[in-house]
file work.txt (compact mmCIF, C-alpha atoms)
# COMPACT_ATOMS: atom_id res chain seq x y z
CA MET A 1 22.31 9.09 -2.58
CA THR A 2 19.52 7.76 -4.76
CA ILE A 3 16.25 9.67 -4.45
CA SER A 4 12.98 7.77 -4.15
CA PRO A 5 10.80 8.25 -7.25
CA LEU A 6 7.99 9.16 -4.84
CA LEU A 7 9.95 11.70 -2.79
CA ASN A 8 8.20 14.80 -4.16
CA LEU A 9 4.85 13.25 -3.30
CA HIS A 10 6.07 12.43 0.22
CA THR A 11 7.42 15.90 0.96
CA SER A 12 4.39 17.68 -0.49
CA ALA A 13 2.28 15.66 1.94
CA GLY A 14 4.39 16.95 4.84
CA ALA A 15 6.75 14.03 5.41
CA SER A 16 10.23 14.67 6.77
CA THR A 17 13.10 13.06 4.88
CA THR A 18 15.85 10.74 6.03
CA GLU A 19 18.91 9.06 4.53
CA ALA A 20 18.71 5.28 4.75
CA TYR A 21 20.43 2.48 2.82
CA GLY A 22 21.90 4.95 0.36
CA TRP A 23 18.50 6.48 -0.49
CA THR A 24 16.63 9.65 0.40
CA LEU A 25 13.29 8.46 1.81
CA PRO A 26 10.40 9.67 3.98
CA GLY A 27 11.34 9.63 7.66
CA VAL A 28 8.12 10.48 9.51
CA TYR A 29 4.75 11.34 7.97
CA SER A 30 2.55 12.17 10.94
CA SER A 31 3.78 10.76 14.24
CA THR A 32 5.61 7.55 15.06
CA SER A 33 2.79 6.37 17.35
CA GLN A 34 0.09 6.87 14.69
CA GLU A 35 2.18 5.28 11.97
CA TYR A 36 3.07 2.33 14.19
CA LEU A 37 -0.59 1.67 15.03
CA ALA A 38 -1.50 1.79 11.34
CA ALA A 39 1.21 -0.68 10.30
CA THR A 40 0.57 -3.13 13.13
CA GLU A 41 -3.20 -2.87 13.64
CA THR A 42 -4.75 -1.70 10.34
CA ALA A 43 -2.72 -0.97 7.18
CA GLY A 44 0.40 1.10 6.64
CA LEU A 45 1.69 2.28 3.26
CA VAL A 46 5.47 2.16 2.80
CA ASP A 47 7.83 3.27 0.04
CA ARG A 48 10.05 0.21 -0.50
CA SER A 49 11.76 1.48 -3.66
CA TYR A 50 15.17 1.19 -1.98
CA LEU A 51 15.10 -2.62 -2.21
CA GLY A 52 16.98 -4.06 -5.18
CA ARG A 53 14.98 -5.52 -8.07
CA LEU A 54 16.64 -7.78 -10.63
CA GLU A 55 14.94 -9.53 -13.54
CA ILE A 56 16.56 -12.76 -14.68
CA ALA A 57 15.79 -14.31 -18.06
CA GLY A 58 17.04 -17.50 -19.65
CA ALA A 59 16.40 -21.21 -19.28
CA ASP A 60 19.10 -21.76 -16.63
CA GLY A 61 18.31 -18.92 -14.22
CA LEU A 62 16.49 -20.96 -11.59
CA ASP A 63 18.99 -23.81 -11.71
CA LEU A 64 21.94 -21.44 -11.27
CA LEU A 65 20.36 -19.66 -8.30
CA ASN A 66 19.62 -23.06 -6.78
CA ARG A 67 23.34 -23.90 -7.02
CA LEU A 68 24.38 -20.59 -5.47
CA SER A 69 22.07 -20.37 -2.46
CA THR A 70 20.66 -22.23 0.52
CA SER A 71 16.99 -22.93 -0.29
CA LYS A 72 15.66 -25.47 -2.76
CA LEU A 73 14.59 -23.40 -5.76
CA ASP A 74 14.68 -25.72 -8.76
CA ASP A 75 11.09 -26.89 -8.30
CA LEU A 76 9.50 -23.43 -7.98
CA GLN A 77 6.38 -23.15 -10.13
CA VAL A 78 5.05 -20.03 -11.87
CA GLY A 79 3.55 -17.76 -9.21
CA GLU A 80 5.67 -19.20 -6.41
CA GLY A 81 8.60 -17.69 -4.57
CA ALA A 82 11.15 -18.53 -1.90
CA ILE A 83 13.57 -16.79 0.43
CA THR A 84 17.16 -17.97 0.07
CA ALA A 85 20.58 -16.95 1.36
CA LEU A 86 23.34 -16.32 -1.15
CA THR A 87 26.50 -17.63 0.50
CA SER A 88 30.23 -17.40 -0.09
CA ASN A 89 32.52 -20.43 -0.33
CA LYS A 90 33.19 -19.91 3.40
CA GLY A 91 29.48 -20.23 4.14
CA ARG A 92 29.11 -16.52 4.93
CA ILE A 93 26.12 -14.38 3.93
CA VAL A 94 26.37 -12.45 0.67
CA ASP A 95 22.68 -11.46 0.72
CA LEU A 96 19.21 -12.73 1.52
CA LEU A 97 17.20 -12.96 -1.69
CA HIS A 98 13.50 -13.25 -2.44
CA VAL A 99 13.31 -15.28 -5.67
CA LEU A 100 10.00 -15.22 -7.54
CA ARG A 101 9.02 -17.12 -10.67
CA LEU A 102 6.97 -15.42 -13.38
CA GLU A 103 5.89 -16.96 -16.68
CA ASP A 104 8.84 -15.69 -18.70
CA ARG A 105 11.41 -14.60 -16.10
CA LEU A 106 12.45 -14.49 -12.47
CA MET A 107 12.16 -11.47 -10.25
CA VAL A 108 14.79 -11.31 -7.51
CA LEU A 109 14.47 -8.86 -4.63
CA THR A 110 17.84 -8.08 -3.05
CA GLY A 111 18.87 -6.31 0.11
CA PRO A 112 19.33 -2.54 0.11
CA GLN A 113 22.51 -1.47 -1.72
CA ASN A 114 23.24 -5.08 -2.74
CA ARG A 115 21.73 -5.26 -6.22
CA GLN A 116 25.01 -4.68 -8.07
CA LYS A 117 26.86 -7.07 -5.77
CA VAL A 118 24.27 -9.81 -6.38
CA ALA A 119 24.28 -9.24 -10.15
CA GLU A 120 28.08 -9.46 -10.20
CA TRP A 121 28.01 -12.58 -8.01
CA ILE A 122 25.66 -14.30 -10.44
CA ASP A 123 27.79 -13.21 -13.39
CA PHE A 124 30.94 -14.58 -11.72
CA TYR A 125 29.40 -18.06 -11.54
CA THR A 126 27.90 -17.94 -15.05
CA PHE A 127 29.90 -19.94 -17.60
CA VAL A 128 27.85 -21.53 -20.38
CA GLU A 129 24.43 -21.07 -18.74
CA ASP A 130 21.56 -19.42 -20.61
CA ILE A 131 20.95 -16.49 -18.27
CA SER A 132 20.79 -12.71 -18.38
CA VAL A 133 20.38 -10.30 -15.46
CA GLU A 134 18.82 -6.85 -15.70
CA ASP A 135 18.77 -4.37 -12.84
CA VAL A 136 15.34 -2.68 -13.00
CA THR A 137 15.51 -0.96 -9.60
CA GLU A 138 15.72 2.59 -10.89
CA ASN A 139 13.23 1.95 -13.70
CA THR A 140 10.52 0.87 -11.28
CA ALA A 141 8.99 1.80 -7.93
CA MET A 142 8.02 -0.54 -5.11
CA VAL A 143 5.25 0.20 -2.62
CA SER A 144 4.18 -2.04 0.27
CA VAL A 145 0.97 -2.29 2.27
CA ILE A 146 1.68 -3.68 5.73
CA GLY A 147 -0.67 -4.79 8.49
CA PRO A 148 -3.76 -6.91 9.28
CA ARG A 149 -5.88 -5.09 6.66
CA ALA A 150 -3.19 -5.16 3.95
CA GLU A 151 -4.84 -7.90 1.91
CA SER A 152 -8.25 -6.23 1.79
CA ILE A 153 -6.70 -2.85 0.90
CA VAL A 154 -4.78 -4.35 -2.01
CA LEU A 155 -7.75 -6.37 -3.25
CA GLN A 156 -9.95 -3.29 -3.30
CA ALA A 157 -7.36 -1.34 -5.29
CA CYS A 158 -6.78 -4.02 -7.94
CA GLU A 159 -8.93 -4.30 -11.06
CA GLY A 160 -10.99 -7.44 -11.71
CA GLU A 161 -10.77 -10.68 -9.80
CA VAL A 162 -7.38 -11.31 -8.19
CA VAL A 163 -6.17 -14.52 -6.63
CA MET A 164 -3.81 -13.30 -3.95
CA PRO A 165 -0.33 -14.85 -3.97
CA GLY A 166 0.54 -17.51 -1.42
CA THR A 167 3.42 -17.24 1.01
CA ALA A 168 6.36 -15.52 -0.73
CA GLY A 169 4.44 -15.78 -4.03
CA ILE A 170 3.84 -13.43 -6.95
CA VAL A 171 1.00 -12.51 -9.32
CA SER A 172 0.43 -9.94 -12.07
CA VAL A 173 -2.29 -7.36 -11.34
CA ARG A 174 -3.63 -4.04 -12.58
CA VAL A 175 -4.18 -0.96 -10.44
CA GLU A 176 -6.10 1.96 -11.99
CA GLY A 177 -4.87 1.08 -15.46
CA VAL A 178 -1.28 0.44 -14.39
CA ASP A 179 0.21 -3.02 -14.94
CA ALA A 180 1.84 -4.15 -11.70
CA THR A 181 3.44 -7.13 -10.02
CA LEU A 182 2.13 -8.11 -6.58
CA VAL A 183 4.45 -9.94 -4.16
CA ARG A 184 3.63 -11.50 -0.78
CA SER A 185 6.59 -10.41 1.38
CA ASP A 186 5.54 -10.65 5.03
CA LEU A 187 7.59 -8.82 7.65
CA GLY A 188 7.92 -11.61 10.19
CA ARG A 189 4.34 -12.43 11.15
CA LEU A 190 3.06 -9.08 9.94
CA PRO A 191 1.28 -9.36 6.55
CA GLU A 192 2.96 -7.37 3.80
CA TYR A 193 2.12 -7.06 0.11
CA ALA A 194 4.67 -5.34 -2.13
CA ILE A 195 3.67 -3.92 -5.51
CA VAL A 196 6.17 -3.16 -8.26
CA VAL A 197 5.26 -0.78 -11.09
CA PRO A 198 7.06 1.15 -13.85
CA LEU A 199 8.10 4.65 -12.74
CA ALA A 200 5.29 6.25 -14.71
CA GLY A 201 2.73 4.45 -12.54
CA ALA A 202 4.33 5.08 -9.15
CA GLN A 203 2.22 8.04 -8.04
CA THR A 204 -0.97 6.43 -9.36
CA LEU A 205 -0.24 3.33 -7.29
CA TRP A 206 0.55 5.29 -4.11
CA GLN A 207 -2.57 7.42 -4.35
CA ALA A 208 -4.75 4.39 -5.09
CA MET A 209 -3.65 2.76 -1.83
CA LEU A 210 -4.27 5.99 0.09
CA ARG A 211 -7.83 6.13 -1.25
CA GLN A 212 -8.45 2.62 0.03
CA GLY A 213 -7.47 3.68 3.54
CA ALA A 214 -3.78 2.79 3.91
CA VAL A 215 -1.88 5.21 6.16
CA PRO A 216 1.57 6.46 5.04
CA VAL A 217 4.42 5.13 7.19
CA GLY A 218 7.97 6.46 7.14
CA MET A 219 11.32 4.75 7.59
CA ASP A 220 11.59 5.56 11.30
CA VAL A 221 8.62 3.35 12.15
CA LEU A 222 9.45 0.74 9.52
CA GLU A 223 12.91 0.29 11.08
CA ALA A 224 11.38 0.01 14.56
CA ILE A 225 9.02 -2.71 13.33
CA ARG A 226 11.88 -4.56 11.65
CA VAL A 227 14.05 -4.45 14.74
CA GLU A 228 11.36 -5.42 17.25
CA ARG A 229 10.45 -8.43 15.11
CA GLY A 230 14.07 -9.49 14.76
CA MET A 231 14.24 -9.20 10.98
CA PRO A 232 17.87 -8.94 9.79
CA VAL A 233 18.82 -6.67 6.91
CA ALA A 234 21.71 -6.59 4.45
CA GLY A 235 24.60 -4.40 5.51
CA LYS A 236 23.82 -4.75 9.21
CA GLU A 237 22.97 -8.30 10.28
CA LEU A 238 23.44 -9.90 6.88
CA THR A 239 27.08 -9.54 5.89
CA GLU A 240 30.04 -11.79 5.19
CA ASP A 241 30.95 -11.52 8.88
CA TYR A 242 28.15 -14.00 9.68
CA ASN A 243 26.70 -17.27 8.43
CA PRO A 244 22.99 -18.13 7.91
CA LEU A 245 22.74 -20.21 11.08
CA GLU A 246 24.11 -17.41 13.24
CA ALA A 247 21.60 -15.05 11.62
CA GLY A 248 18.62 -17.27 12.46
CA LEU A 249 17.97 -18.19 8.81
CA LEU A 250 17.60 -21.92 9.41
CA ASP A 251 14.13 -21.92 7.79
CA TYR A 252 15.81 -20.86 4.53
CA VAL A 253 18.46 -23.59 4.50
CA SER A 254 17.90 -26.95 2.82
CA PHE A 255 20.13 -29.78 4.07
CA ASN A 256 19.02 -32.32 1.45
CA LYS A 257 18.83 -30.46 -1.86
CA GLY A 258 22.42 -31.09 -2.90
CA CYS A 259 25.43 -28.86 -3.39
CA TYR A 260 25.52 -25.08 -3.44
CA VAL A 261 28.31 -22.58 -2.85
CA GLY A 262 29.22 -22.75 0.85
CA GLN A 263 27.11 -25.86 1.47
CA GLU A 264 29.87 -27.94 3.09
CA VAL A 265 30.63 -25.23 5.67
CA VAL A 266 26.97 -24.59 6.57
CA THR A 267 26.26 -28.33 6.86
CA ARG A 268 29.31 -28.91 9.06
CA LEU A 269 28.30 -26.06 11.39
CA ASP A 270 24.86 -27.61 11.81
CA THR A 271 25.95 -31.24 12.07
CA TYR A 272 28.62 -30.64 14.70
CA ASP A 273 26.77 -27.85 16.54
CA LYS A 274 29.57 -25.39 15.82
CA VAL A 275 27.51 -22.20 15.67
CA GLN A 276 29.35 -19.88 18.05
CA LYS A 277 27.09 -16.82 18.11
CA HIS A 278 23.44 -15.91 17.57
CA LEU A 279 21.43 -12.92 16.44
CA VAL A 280 19.37 -11.62 19.37
CA GLY A 281 16.97 -8.83 20.19
CA LEU A 282 18.06 -6.20 22.69
CA ALA A 283 15.99 -4.03 25.03
CA PHE A 284 18.00 -1.20 26.56
CA GLN A 285 17.22 -0.32 30.16
CA GLU A 286 18.68 3.20 30.38
CA ALA A 287 17.31 6.27 28.64
CA SER A 288 20.60 6.87 26.82
CA VAL A 289 20.86 5.58 23.26
CA PRO A 290 23.89 3.41 22.40
CA ALA A 291 25.58 3.38 19.01
CA GLU A 292 25.39 0.78 16.28
CA GLY A 293 28.62 -1.15 16.35
CA ALA A 294 29.00 -0.80 20.11
CA THR A 295 30.54 -3.78 21.90
CA LEU A 296 28.48 -5.88 24.30
CA PHE A 297 29.98 -7.34 27.46
CA ALA A 298 28.99 -10.19 29.78
CA GLY A 299 30.82 -11.06 32.98
CA GLY A 300 33.51 -8.52 32.17
CA LYS A 301 34.28 -10.09 28.77
CA ARG A 302 33.38 -9.06 25.23
CA THR A 303 30.47 -11.13 23.97
CA GLY A 304 29.10 -9.38 20.90
CA THR A 305 28.17 -6.32 18.86
CA ILE A 306 25.08 -4.16 18.33
CA THR A 307 24.13 -4.25 14.64
CA SER A 308 20.83 -2.28 14.51
CA LEU A 309 19.12 0.31 16.69
CA ALA A 310 15.67 1.88 16.71
CA THR A 311 13.34 3.63 19.12
CA SER A 312 10.30 1.63 20.20
CA PRO A 313 7.12 3.59 19.36
CA THR A 314 5.39 1.95 22.34
CA SER A 315 7.95 2.43 25.13
CA GLY A 316 10.05 5.26 23.75
CA ARG A 317 13.18 3.30 24.71
CA ALA A 318 15.96 2.11 22.45
CA ILE A 319 15.67 -1.41 21.05
CA GLY A 320 18.17 -3.24 18.91
CA LEU A 321 19.59 -6.31 17.29
CA GLY A 322 23.02 -7.75 17.79
CA TYR A 323 25.18 -10.85 17.67
CA VAL A 324 26.31 -12.38 20.96
CA ARG A 325 28.12 -15.55 21.94
CA LYS A 326 25.97 -18.65 22.25
CA ALA A 327 26.42 -18.73 26.05
CA GLU A 328 24.83 -15.26 26.40
CA ALA A 329 22.07 -15.64 23.78
CA ALA A 330 19.31 -16.85 26.13
CA SER A 331 16.31 -14.57 26.62
CA GLY A 332 16.63 -12.46 29.76
CA THR A 333 20.44 -12.38 29.83
CA ARG A 334 21.73 -9.02 31.04
CA LEU A 335 24.59 -7.47 29.09
CA ASN A 336 26.59 -4.26 29.39
CA VAL A 337 27.06 -1.80 26.54
CA GLY A 338 30.45 -0.30 25.67
CA SER A 339 32.32 -1.58 28.72
CA ASP A 340 31.96 -4.16 31.47
CA THR A 341 30.23 -1.50 33.61
CA GLY A 342 28.22 0.19 30.83
CA ASP A 343 24.47 0.60 30.43
CA VAL A 344 22.38 -2.55 30.65
CA ALA A 345 20.77 -4.35 27.72
CA VAL A 346 18.49 -7.37 28.15
CA VAL A 347 18.45 -10.13 25.52
CA ALA A 348 15.02 -10.78 23.99
CA ASP A 349 14.15 -14.11 22.35
CA LEU A 350 13.67 -13.87 18.57
CA ARG A 351 12.51 -17.42 17.91
CA GLU A 352 8.90 -16.25 17.91
CA ARG A 353 9.81 -12.85 16.42
CA ALA A 354 8.60 -11.40 19.71
CA ARG A 355 8.33 -7.72 20.48
CA VAL A 356 11.22 -6.47 22.58
CA SER A 357 9.74 -3.11 23.55

call {"tool": "encode", "arguments": {"input": "work.txt", "output": "structure tokens"}}
result
Amino acid sequence: MTISPLLNLHTSAGASTTEAYGWTLPGVYSSTSQEYLAATETAGLVDRSYLGRLEIAGADGLDLLNRLSTSKLDDLQVGEGAITALTSNKGRIVDLLHVLRLEDRLMVLTGPQNRQKVAEWIDFYTFVEDISVEDVTENTAMVSVIGPRAESIVLQACEGEVVMPGTAGIVSVRVEGVDATLVRSDLGRLPEYAIVVPLAGAQTLWQAMLRQGAVPVGMDVLEAIRVERGMPVAGKELTEDYNPLEAGLLDYVSFNKGCYVGQEVVTRLDTYDKVQKHLVGLAFQEASVPAEGATLFAGGKRTGTITSLATSPTSGRAIGLGYVRKAEAASGTRLNVGSDTGDVAVVADLRERARVS
């Protein structure tokens, strides 16, 4: 397990700890209801250090990533960013990346536990290109402010005049003397601003956001927010078992930019309407909590698998994400968990990233 660089600060403030994505992180700070209200109605403060952070230098970095993934990246300007799916030659998901262009390099945010895999994937496809990849995850910390007041909190904490980054964009800032990188990284429709700093500035950054009124939020609530908004994550929904269209990543797929690894497969699936399953939200009707990986049934037949579970802070019931066959993916469809007579789960529509609690 990798320990968050802010863990001592979290525990001294009374937070419980949890193991998530190969890291030791804060689980709950105060109560799930209070933390949920902060993140969804005012501003929550989250330790995001577990996300991978790669820095890519060299003249060919952007072009290579454009040839390896689904979004059009080659025209990104300094300060801009884009979400893109790294795909295998079978059109399956290797990871979902957030690629950001700085003046002298690219910053690439990877899924939890995927930074080495992504770096090795890039290296495998590097031949004569001018590119170098450095993993800076454990040399930096990453803190996010989430919620309707996130922008004002961050602006108040930054020194001088700051032009906030546009959608998925990036800008260099300074917070209480610490040089930092500010990234717009919304969680569905919930505003989120992530700030990356060297390790020496991690506690300064965290405390600066607290002074501006952000409320600490642990992983329990963050996972609940992710699940209820239908946001897939590497290792659960985003694996080589699924393709980008099954995962609902159509917004991050360009069908006219030219070739990339896996492009023929993804295009064929779209053109001939061959997508066989879809990622859906799940609201569980019984008080019992199912297990991740449990099989879903419809009409006595296996139809899919639960990939993520969380407890809704509003209803107290289990909510989840899972893949089901296209025929059972419509909102309101009733499924059984574990067997054809198991507990009932109701499919919730994710097209609007709706709450399923």

call {"tool": "residues_around", "arguments": {"input": "work.txt", "residues": "range 135-138 of chain A", "least_positions_apart": "4", "cutoff": "12 Å", "atoms": "all atoms listed in the file", "output": "JSON, numbers by chain"}}
result
{"A": [2, 3, 4, 5, 6, 23, 48, 49, 50, 51, 52, 53, 54, 55, 56, 57, 106, 107, 108, 109, 110, 111, 112, 113, 114, 115, 116, 117, 118, 119, 120, 142, 196, 197, 198, 199, 200, 202]}

call {"tool": "closest_residue", "arguments": {"input": "work.txt", "among": "A:Ala43, A:Ala224, A:Ala294, A:Val337", "to": "Ala310 in chain A", "atoms": "only C-alpha atoms"}}
result
A:Ala224

call {"tool": "axis_aligned_box", "arguments": {"input": "work.txt", "around": "range 67-75 of chain A", "padding_each_side": "6 Å", "output": "JSON"}}
result
{"center_x": 17.7, "center_y": -23.6, "center_z": -4.1, "size_x": 25.3, "size_y": 18.5, "size_z": 21.3}

call {"tool": "residues_around", "arguments": {"input": "work.txt", "residues": "Ala291 in chain A", "least_positions_apart": "3", "cutoff": "10 Å", "atoms": "all atoms listed in the file", "output": "list in words"}}
result
Ser288, Ala294, Thr295, Ile306, Thr307, Ser308, Leu309, Gly320, Val337 and Gly338 of chain A

call {"tool": "write_last_selection", "arguments": {"input": "work.txt", "atoms": "C-alpha atoms", "output": "mmCIF file, keeping the file's coordinate frame"}}
result
data_model
loop_
_atom_site.group_PDB
_atom_site.id
_atom_site.type_symbol
_atom_site.label_atom_id
_atom_site.label_comp_id
_atom_site.auth_asym_id
_atom_site.auth_seq_id
_atom_site.Cartn_x
_atom_site.Cartn_y
_atom_site.Cartn_z
ATOM 1 C CA SER A 288 20.600 6.870 26.820
ATOM 2 C CA ALA A 294 29.000 -0.800 20.110
ATOM 3 C CA THR A 295 30.540 -3.780 21.900
ATOM 4 C CA ILE A 306 25.080 -4.160 18.330
ATOM 5 C CA THR A 307 24.130 -4.250 14.640
ATOM 6 C CA SER A 308 20.830 -2.280 14.510
ATOM 7 C CA LEU A 309 19.120 0.310 16.690
ATOM 8 C CA GLY A 320 18.170 -3.240 18.910
ATOM 9 C CA VAL A 337 27.060 -1.800 26.540
ATOM 10 C CA GLY A 338 30.450 -0.300 25.670
#

call {"tool": "residues_around", "arguments": {"input": "work.txt", "residues": "Leu45 in chain A", "least_positions_apart": "5", "cutoff": "9 Å", "atoms": "only C-alpha atoms", "output": "ChimeraX atom specification"}}
result
/A:38-39,143-146,150,206,209-210,214-218

call {"tool": "atom_distance", "arguments": {"input": "work.txt", "atom1": "CA of Leu279 in chain A", "atom2": "CA of Arg184 in chain A"}}
result
24.8 Å

call {"tool": "build_atoms", "arguments": {"input": "work.txt", "residues": "range 302-313 of chain A", "atoms": "N, CA and C atoms", "output": "PDB file, in the frame of the given file"}}
result
ATOM      1  N   ARG A 302      34.095  -9.387  26.462  1.00  0.00           N
ATOM      2  CA  ARG A 302      33.380  -9.060  25.230  1.00  0.00           C
ATOM      3  C   ARG A 302      32.573 -10.264  24.770  1.00  0.00           C
ATOM      4  N   THR A 303      31.309 -10.017  24.438  1.00  0.00           N
ATOM      5  CA  THR A 303      30.470 -11.130  23.970  1.00  0.00           C
ATOM      6  C   THR A 303      29.830 -10.873  22.620  1.00  0.00           C
ATOM      7  N   GLY A 304      29.769  -9.619  22.175  1.00  0.00           N
ATOM      8  CA  GLY A 304      29.100  -9.380  20.900  1.00  0.00           C
ATOM      9  C   GLY A 304      29.085  -7.930  20.493  1.00  0.00           C
ATOM     10  N   THR A 305      28.213  -7.641  19.490  1.00  0.00           N
ATOM     11  CA  THR A 305      28.170  -6.320  18.860  1.00  0.00           C
ATOM     12  C   THR A 305      26.717  -5.944  18.550  1.00  0.00           C
ATOM     13  N   ILE A 306      26.384  -4.678  18.741  1.00  0.00           N
ATOM     14  CA  ILE A 306      25.080  -4.160  18.330  1.00  0.00           C
ATOM     15  C   ILE A 306      25.122  -3.895  16.824  1.00  0.00           C
ATOM     16  N   THR A 307      24.151  -4.428  16.100  1.00  0.00           N
ATOM     17  CA  THR A 307      24.130  -4.250  14.640  1.00  0.00           C
ATOM     18  C   THR A 307      23.038  -3.288  14.162  1.00  0.00           C
ATOM     19  N   SER A 308      21.920  -3.187  14.888  1.00  0.00           N
ATOM     20  CA  SER A 308      20.830  -2.280  14.510  1.00  0.00           C
ATOM     21  C   SER A 308      20.251  -1.642  15.758  1.00  0.00           C
ATOM     22  N   LEU A 309      19.779  -0.399  15.603  1.00  0.00           N
ATOM     23  CA  LEU A 309      19.120   0.310  16.690  1.00  0.00           C
ATOM     24  C   LEU A 309      17.877   1.009  16.168  1.00  0.00           C
ATOM     25  N   ALA A 310      16.879   1.127  17.023  1.00  0.00           N
ATOM     26  CA  ALA A 310      15.670   1.880  16.710  1.00  0.00           C
ATOM     27  C   ALA A 310      15.058   2.323  18.028  1.00  0.00           C
ATOM     28  N   THR A 311      14.082   3.217  17.939  1.00  0.00           N
ATOM     29  CA  THR A 311      13.340   3.630  19.120  1.00  0.00           C
ATOM     30  C   THR A 311      11.968   2.973  19.077  1.00  0.00           C
ATOM     31  N   SER A 312      11.603   2.288  20.142  1.00  0.00           N
ATOM     32  CA  SER A 312      10.300   1.630  20.200  1.00  0.00           C
ATOM     33  C   SER A 312       9.197   2.676  20.247  1.00  0.00           C
ATOM     34  N   PRO A 313       8.228   2.638  19.319  1.00  0.00           N
ATOM     35  CA  PRO A 313       7.120   3.590  19.360  1.00  0.00           C
ATOM     36  C   PRO A 313       6.194   3.372  20.565  1.00  0.00           C
TER      37      PRO A 313
END
